[in-house]
file entry-v4.pdb (PDB, C-alpha atoms, pLDDT in the B column)
MODEL        1
ATOM      1  CA  MET J   1      -5.882  -5.154 -10.189  1.00 85.00           C
ATOM      2  CA  ASN J   2      -6.447  -1.823  -8.446  1.00 90.00           C
ATOM      3  CA  LEU J   3      -5.039  -0.506  -5.202  1.00 92.00           C
ATOM      4  CA  PHE J   4      -7.309   1.455  -2.874  1.00 93.00           C
ATOM      5  CA  ILE J   5      -5.095   3.629  -0.667  1.00 91.00           C
ATOM      6  CA  PHE J   6      -6.387   5.289   2.493  1.00 91.00           C
ATOM      7  CA  PRO J   7      -3.824   7.956   3.504  1.00 86.00           C
ATOM      8  CA  TYR J   8      -2.545   8.248   7.054  1.00 81.00           C
ATOM      9  CA  GLN J   9      -5.011  10.170   9.277  1.00 80.00           C
ATOM     10  CA  SER J  10      -7.499  10.808   6.463  1.00 79.00           C
ATOM     11  CA  ASP J  11     -11.042   9.674   5.705  1.00 77.00           C
ATOM     12  CA  ASN J  12     -10.497   9.947   1.954  1.00 87.00           C
ATOM     13  CA  PHE J  13      -8.985   7.372  -0.380  1.00 90.00           C
ATOM     14  CA  TYR J  14      -7.540   7.243  -3.867  1.00 89.00           C
ATOM     15  CA  THR J  15      -6.874   4.464  -6.324  1.00 90.00           C
ATOM     16  CA  CYS J  16      -3.908   3.530  -8.437  1.00 88.00           C
ATOM     17  CA  PRO J  17      -3.029   0.703 -10.836  1.00 88.00           C
ATOM     18  CA  ASP J  18      -0.888  -2.304  -9.977  1.00 88.00           C
ATOM     19  CA  THR J  19       2.108  -0.749 -11.786  1.00 88.00           C
ATOM     20  CA  ALA J  20       2.769   0.938  -8.426  1.00 89.00           C
ATOM     21  CA  ILE J  21       3.764  -2.418  -6.914  1.00 89.00           C
ATOM     22  CA  SER J  22       7.503  -2.989  -7.048  1.00 86.00           C
ATOM     23  CA  ARG J  23       8.697  -6.229  -8.552  1.00 80.00           C
ATOM     24  CA  ASN J  24      12.398  -5.257  -8.524  1.00 68.00           C
ATOM     25  CA  ASN J  25      13.758  -8.148  -6.514  1.00 63.00           C
ATOM     26  CA  ASP J  26      17.212  -9.298  -7.581  1.00 58.00           C
ATOM     27  CA  GLY J  27      17.334 -12.140  -5.054  1.00 57.00           C
ATOM     28  CA  SER J  28      19.815 -10.372  -2.743  1.00 61.00           C
ATOM     29  CA  GLY J  29      17.102  -9.459  -0.241  1.00 69.00           C
ATOM     30  CA  THR J  30      17.514  -5.740  -0.943  1.00 76.00           C
ATOM     31  CA  LEU J  31      14.888  -4.106  -3.136  1.00 82.00           C
ATOM     32  CA  LYS J  32      15.781  -1.226  -5.426  1.00 83.00           C
ATOM     33  CA  TYR J  33      13.873   1.976  -6.214  1.00 83.00           C
ATOM     34  CA  TRP J  34      15.111   4.358  -8.901  1.00 82.00           C
ATOM     35  CA  VAL J  35      13.841   7.886  -8.233  1.00 82.00           C
ATOM     36  CA  PRO J  36      12.263   9.555 -11.292  1.00 82.00           C
ATOM     37  CA  ASP J  37      13.715  12.850 -12.511  1.00 80.00           C
ATOM     38  CA  GLY J  38      12.233  15.959 -10.903  1.00 79.00           C
ATOM     39  CA  ILE J  39      11.510  14.354  -7.531  1.00 80.00           C
ATOM     40  CA  GLU J  40      13.130  16.250  -4.647  1.00 81.00           C
ATOM     41  CA  THR J  41      11.588  14.555  -1.597  1.00 81.00           C
ATOM     42  CA  LEU J  42      10.317  11.051  -0.894  1.00 83.00           C
ATOM     43  CA  ARG J  43       8.256  10.033   2.115  1.00 83.00           C
ATOM     44  CA  ALA J  44       8.347   6.456   3.332  1.00 84.00           C
ATOM     45  CA  ILE J  45       4.975   5.396   4.740  1.00 86.00           C
ATOM     46  CA  ARG J  46       4.259   2.082   6.424  1.00 88.00           C
ATOM     47  CA  PHE J  47       0.904   0.421   5.670  1.00 91.00           C
ATOM     48  CA  ALA J  48      -1.169  -2.688   6.270  1.00 91.00           C
ATOM     49  CA  TYR J  49      -3.157  -4.292   3.476  1.00 93.00           C
ATOM     50  CA  VAL J  50      -5.768  -6.922   2.702  1.00 93.00           C
ATOM     51  CA  ARG J  51      -6.203  -8.730  -0.603  1.00 93.00           C
ATOM     52  CA  ILE J  52      -9.756  -8.898  -1.926  1.00 93.00           C
ATOM     53  CA  GLU J  53     -10.805 -12.510  -2.553  1.00 91.00           C
ATOM     54  CA  ARG J  54     -14.449 -11.949  -3.468  1.00 89.00           C
ATOM     55  CA  ALA J  55     -15.837  -9.189  -5.671  1.00 91.00           C
ATOM     56  CA  GLY J  56     -18.362  -6.776  -4.255  1.00 90.00           C
ATOM     57  CA  LYS J  57     -20.168  -3.453  -4.595  1.00 92.00           C
ATOM     58  CA  CYS J  58     -21.785  -1.507  -1.726  1.00 93.00           C
ATOM     59  CA  ILE J  59     -20.368  -3.908   0.867  1.00 90.00           C
ATOM     60  CA  ARG J  60     -21.789  -3.452   4.348  1.00 92.00           C
ATOM     61  CA  GLU J  61     -19.222  -3.128   7.120  1.00 88.00           C
ATOM     62  CA  GLY J  62     -20.640  -6.135   8.983  1.00 87.00           C
ATOM     63  CA  TYR J  63     -20.080  -8.381   5.950  1.00 90.00           C
ATOM     64  CA  ALA J  64     -16.733  -6.990   4.768  1.00 89.00           C
ATOM     65  CA  TYR J  65     -14.729  -9.828   6.355  1.00 85.00           C
ATOM     66  CA  ARG J  66     -16.269 -12.170   3.770  1.00 87.00           C
ATOM     67  CA  HIS J  67     -14.407 -10.352   0.998  1.00 89.00           C
ATOM     68  CA  TYR J  68     -10.795 -10.856   2.180  1.00 89.00           C
ATOM     69  CA  SER J  69      -8.818 -13.693   3.705  1.00 84.00           C
ATOM     70  CA  SER J  70      -5.179 -12.604   3.606  1.00 88.00           C
ATOM     71  CA  CYS J  71      -3.287  -9.591   4.884  1.00 90.00           C
ATOM     72  CA  GLY J  72       0.218  -8.162   5.006  1.00 89.00           C
ATOM     73  CA  TRP J  73       2.182  -4.965   5.420  1.00 90.00           C
ATOM     74  CA  GLY J  74       4.576  -2.891   3.391  1.00 89.00           C
ATOM     75  CA  VAL J  75       6.182   0.444   2.580  1.00 88.00           C
ATOM     76  CA  HIS J  76       4.893   3.116   0.199  1.00 88.00           C
ATOM     77  CA  LEU J  77       7.316   5.715  -1.196  1.00 86.00           C
ATOM     78  CA  SER J  78       5.302   8.833  -1.911  1.00 83.00           C
ATOM     79  CA  THR J  79       5.959  12.436  -2.898  1.00 80.00           C
ATOM     80  CA  TYR J  80       4.085  15.709  -2.881  1.00 68.00           C
ATOM     81  CA  ASP J  81       6.413  17.149  -5.540  1.00 59.00           C
ATOM     82  CA  ILE J  82       3.849  16.238  -8.222  1.00 62.00           C
ATOM     83  CA  ASN J  83       0.533  16.407  -6.360  1.00 58.00           C
ATOM     84  CA  GLU J  84      -1.035  15.111  -3.197  1.00 61.00           C
ATOM     85  CA  GLY J  85      -2.294  11.545  -3.361  1.00 59.00           C
ATOM     86  CA  ASN J  86      -0.038  10.346  -6.146  1.00 68.00           C
ATOM     87  CA  THR J  87       1.560   6.972  -6.570  1.00 77.00           C
ATOM     88  CA  LEU J  88       4.700   6.508  -8.614  1.00 81.00           C
ATOM     89  CA  ASP J  89       5.421   3.332 -10.567  1.00 86.00           C
ATOM     90  CA  ASN J  90       7.250   0.647  -8.530  1.00 85.00           C
ATOM     91  CA  SER J  91       6.893   2.655  -5.300  1.00 86.00           C
ATOM     92  CA  ILE J  92       4.894   0.159  -3.200  1.00 90.00           C
ATOM     93  CA  PHE J  93       6.769  -2.689  -1.537  1.00 89.00           C
ATOM     94  CA  LEU J  94       4.691  -5.578  -0.141  1.00 88.00           C
ATOM     95  CA  SER J  95       5.388  -8.342   2.359  1.00 85.00           C
ATOM     96  CA  GLU J  96       4.148 -11.825   1.589  1.00 85.00           C
ATOM     97  CA  PRO J  97       0.439 -12.123   2.441  1.00 86.00           C
ATOM     98  CA  THR J  98      -0.557 -14.301   5.372  1.00 87.00           C
ATOM     99  CA  PRO J  99      -3.952 -15.905   6.016  1.00 86.00           C
ATOM    100  CA  VAL J 100      -6.190 -13.871   8.317  1.00 82.00           C
ATOM    101  CA  GLY J 101      -7.843 -16.689  10.250  1.00 70.00           C
ATOM    102  CA  ASP J 102     -11.105 -18.556  10.482  1.00 64.00           C
ATOM    103  CA  ASN J 103     -14.390 -17.602   8.822  1.00 60.00           C
ATOM    104  CA  GLY J 104     -15.734 -15.106  11.401  1.00 59.00           C
ATOM    105  CA  PRO J 105     -15.241 -11.346  11.732  1.00 57.00           C
ATOM    106  CA  TYR J 106     -11.559 -10.710  12.347  1.00 66.00           C
ATOM    107  CA  GLU J 107     -10.592  -8.976  15.580  1.00 67.00           C
ATOM    108  CA  GLY J 108      -8.471  -5.907  14.914  1.00 71.00           C
ATOM    109  CA  PHE J 109      -9.614  -5.557  11.307  1.00 79.00           C
ATOM    110  CA  GLU J 110     -12.458  -3.116  11.970  1.00 82.00           C
ATOM    111  CA  ALA J 111     -10.587  -0.344  10.122  1.00 86.00           C
ATOM    112  CA  PHE J 112     -10.412  -2.552   7.013  1.00 88.00           C
ATOM    113  CA  ASP J 113     -14.116  -3.383   7.274  1.00 89.00           C
ATOM    114  CA  SER J 114     -14.918   0.326   7.349  1.00 90.00           C
ATOM    115  CA  ALA J 115     -12.505   1.007   4.458  1.00 91.00           C
ATOM    116  CA  LEU J 116     -14.083  -1.706   2.294  1.00 91.00           C
ATOM    117  CA  GLN J 117     -17.522  -0.268   2.935  1.00 91.00           C
ATOM    118  CA  ARG J 118     -16.361   3.244   2.008  1.00 92.00           C
ATOM    119  CA  ALA J 119     -14.456   2.219  -1.133  1.00 92.00           C
ATOM    120  CA  SER J 120     -17.232  -0.068  -2.387  1.00 92.00           C
ATOM    121  CA  GLU J 121     -19.764   2.781  -2.207  1.00 92.00           C
ATOM    122  CA  TYR J 122     -17.955   4.422  -5.134  1.00 92.00           C
ATOM    123  CA  MET J 123     -16.269   1.564  -7.014  1.00 92.00           C
ATOM    124  CA  SER J 124     -16.612  -2.177  -7.431  1.00 91.00           C
ATOM    125  CA  LEU J 125     -13.981  -4.239  -5.680  1.00 91.00           C
ATOM    126  CA  ARG J 126     -12.669  -7.189  -7.695  1.00 92.00           C
ATOM    127  CA  SER J 127     -10.801 -10.306  -6.737  1.00 92.00           C
ATOM    128  CA  GLY J 128      -7.094  -9.481  -6.510  1.00 92.00           C
ATOM    129  CA  ASP J 129      -7.539  -5.806  -5.577  1.00 93.00           C
ATOM    130  CA  LEU J 130      -5.619  -4.536  -2.549  1.00 94.00           C
ATOM    131  CA  VAL J 131      -6.891  -2.183   0.151  1.00 94.00           C
ATOM    132  CA  LEU J 132      -4.035  -0.321   1.875  1.00 93.00           C
ATOM    133  CA  LEU J 133      -4.321   1.577   5.147  1.00 91.00           C
ATOM    134  CA  GLU J 134      -1.354   3.859   5.748  1.00 89.00           C
ATOM    135  CA  LEU J 135      -0.261   3.556   9.376  1.00 87.00           C
ATOM    136  CA  GLU J 136       2.553   6.030   9.918  1.00 79.00           C
ATOM    137  CA  ASP J 137       5.216   8.109   8.226  1.00 74.00           C
ATOM    138  CA  ILE J 138       8.536   6.357   8.751  1.00 73.00           C
ATOM    139  CA  SER J 139      10.794   9.094   7.416  1.00 73.00           C
ATOM    140  CA  ALA J 140      11.425  11.627   4.661  1.00 73.00           C
ATOM    141  CA  TYR J 141      14.326  11.501   2.234  1.00 69.00           C
ATOM    142  CA  GLU J 142      15.849  14.491   0.486  1.00 73.00           C
ATOM    143  CA  ILE J 143      16.893  13.336  -2.955  1.00 75.00           C
ATOM    144  CA  GLY J 144      20.344  14.395  -4.098  1.00 67.00           C
ATOM    145  CA  SER J 145      22.057  13.586  -7.364  1.00 67.00           C
ATOM    146  CA  ASP J 146      24.119  10.430  -7.771  1.00 70.00           C
ATOM    147  CA  ARG J 147      23.671   8.949  -4.336  1.00 75.00           C
ATOM    148  CA  THR J 148      22.018   5.914  -2.785  1.00 81.00           C
ATOM    149  CA  GLN J 149      20.118   5.900   0.501  1.00 80.00           C
ATOM    150  CA  THR J 150      18.924   2.780   2.287  1.00 80.00           C
ATOM    151  CA  LEU J 151      15.560   2.365   3.979  1.00 79.00           C
ATOM    152  CA  SER J 152      14.999  -0.522   6.393  1.00 78.00           C
ATOM    153  CA  CYS J 153      11.601  -1.323   7.851  1.00 77.00           C
ATOM    154  CA  ASP J 154      11.070  -4.627   9.620  1.00 73.00           C
ATOM    155  CA  GLN J 155      12.234  -7.176   7.027  1.00 76.00           C
ATOM    156  CA  ILE J 156      12.063  -4.898   3.998  1.00 79.00           C
ATOM    157  CA  ARG J 157      15.287  -3.222   2.876  1.00 80.00           C
ATOM    158  CA  ILE J 158      15.134  -0.745  -0.023  1.00 81.00           C
ATOM    159  CA  ASP J 159      17.988   1.034  -1.799  1.00 80.00           C
ATOM    160  CA  ILE J 160      16.711   4.435  -2.996  1.00 80.00           C
ATOM    161  CA  ILE J 161      18.842   5.331  -5.996  1.00 80.00           C
ATOM    162  CA  SER J 162      18.863   8.844  -7.452  1.00 77.00           C
TER
ENDMDL
END
call {"tool": "encode", "arguments": {"input": "entry-v4.pdb", "output": "structure tokens"}}
result
Amino acid sequence: MNLFIFPYQSDNFYTCPDTAISRNNDGSGTLKYWVPDGIETLRAIRFAYVRIERAGKCIREGYAYRHYSSCGWGVHLSTYDINEGNTLDNSIFLSEPTPVGDNGPYEGFEAFDSALQRASEYMSLRSGDLVLLELEDISAYEIGSDRTQTLSCDQIRIDIIS
């Protein structure tokens, strides 16, 4: 599975592997993120996503809705300490996907339709891939040694441990 990430207020995109998705859920409802050494600043970015259900290449915008049927939202912890457009392991936190609706074009999903067209011009989309559209920066976190900070966004709560 690949993730196609469209940064906030940008026409470009980059890809990353599914190792970026956090699976650190201990059942307490609070997710945990351990900051790698050398990271000084983390940005929390809210995003919306769709899960690709049908593979495609060179998908036209008018037919993009045929390639996804579920959506969700989440938080991406990113840093520019390494380079712009990077994704750290376990730094993407997803909500549970929900069905989009009936079989027609989905109102409000025009940005996803355009994103699928753009991404599929360069790479094949496969079943299970995710397309993420960053919506807004939530906040920035200065990382200090031996401390824990908590991020809450809607129903996602993340302990950032350095």
call {"tool": "atom_distance", "arguments": {"input": "entry-v4.pdb", "atom1": "atom CA of Gly38 of chain J", "atom2": "atom CA of Ser162 of chain J"}}
result
10.3 Å
call {"tool": "residues_near_point", "arguments": {"input": "entry-v4.pdb", "point": "(-3.4, 4.0, 9.9)", "cutoff": "8 Å", "atoms": "all atoms listed in the file", "output": "number ranges by chain"}}
result
J: 7-9, 47-48, 133-136
call {"tool": "atom_distance", "arguments": {"input": "entry-v4.pdb", "atom1": "atom CA of Ala44 of chain J", "atom2": "atom CA of Ile138 of chain J"}}
result
5.4 Å
call {"tool": "atom_distance", "arguments": {"input": "entry-v4.pdb", "atom1": "atom CA of Ser10 of chain J", "atom2": "atom CA of Trp34 of chain J"}}
result
28.1 Å
call {"tool": "resolve_selection", "arguments": {"input": "entry-v4.pdb", "expression": "the PyMOL selection byres ((chain J and resi 39) around 8)", "output": "MDAnalysis selection string"}}
result
chainID J and resid 35:38 40:42 79 81:82 143
call {"tool": "axis_aligned_box", "arguments": {"input": "entry-v4.pdb", "around": "segment 8-12 of chain J", "padding_each_side": "6 Å", "output": "AutoDock Vina command-line options"}}
result
--center_x -6.8 --center_y 9.5 --center_z 5.6 --size_x 20.5 --size_y 14.6 --size_z 19.3
call {"tool": "closest_residue", "arguments": {"input": "entry-v4.pdb", "among": "J:Ala140, J:Leu88, J:Cys16, J:Leu116", "to": "His67 of chain J", "atoms": "all atoms listed in the file"}}
result
J:Leu116
call {"tool": "residues_around", "arguments": {"input": "entry-v4.pdb", "residues": "Arg51 of chain J", "least_positions_apart": "4", "cutoff": "12 Å", "atoms": "all atoms listed in the file", "output": "ChimeraX atom specification"}}
result
/J:1-4,55,64-73,94-100,112,116,125-133
call {"tool": "residues_near_point", "arguments": {"input": "entry-v4.pdb", "point": "(17.0, 3.5, -4.2)", "cutoff": "10 Å", "atoms": "all atoms listed in the file", "output": "list in words"}}
result
Thr30, Leu31, Lys32, Tyr33, Trp34, Val35, Ile143, Arg147, Thr148, Gln149, Thr150, Leu151, Arg157, Ile158, Asp159, Ile160, Ile161 and Ser162 of chain J
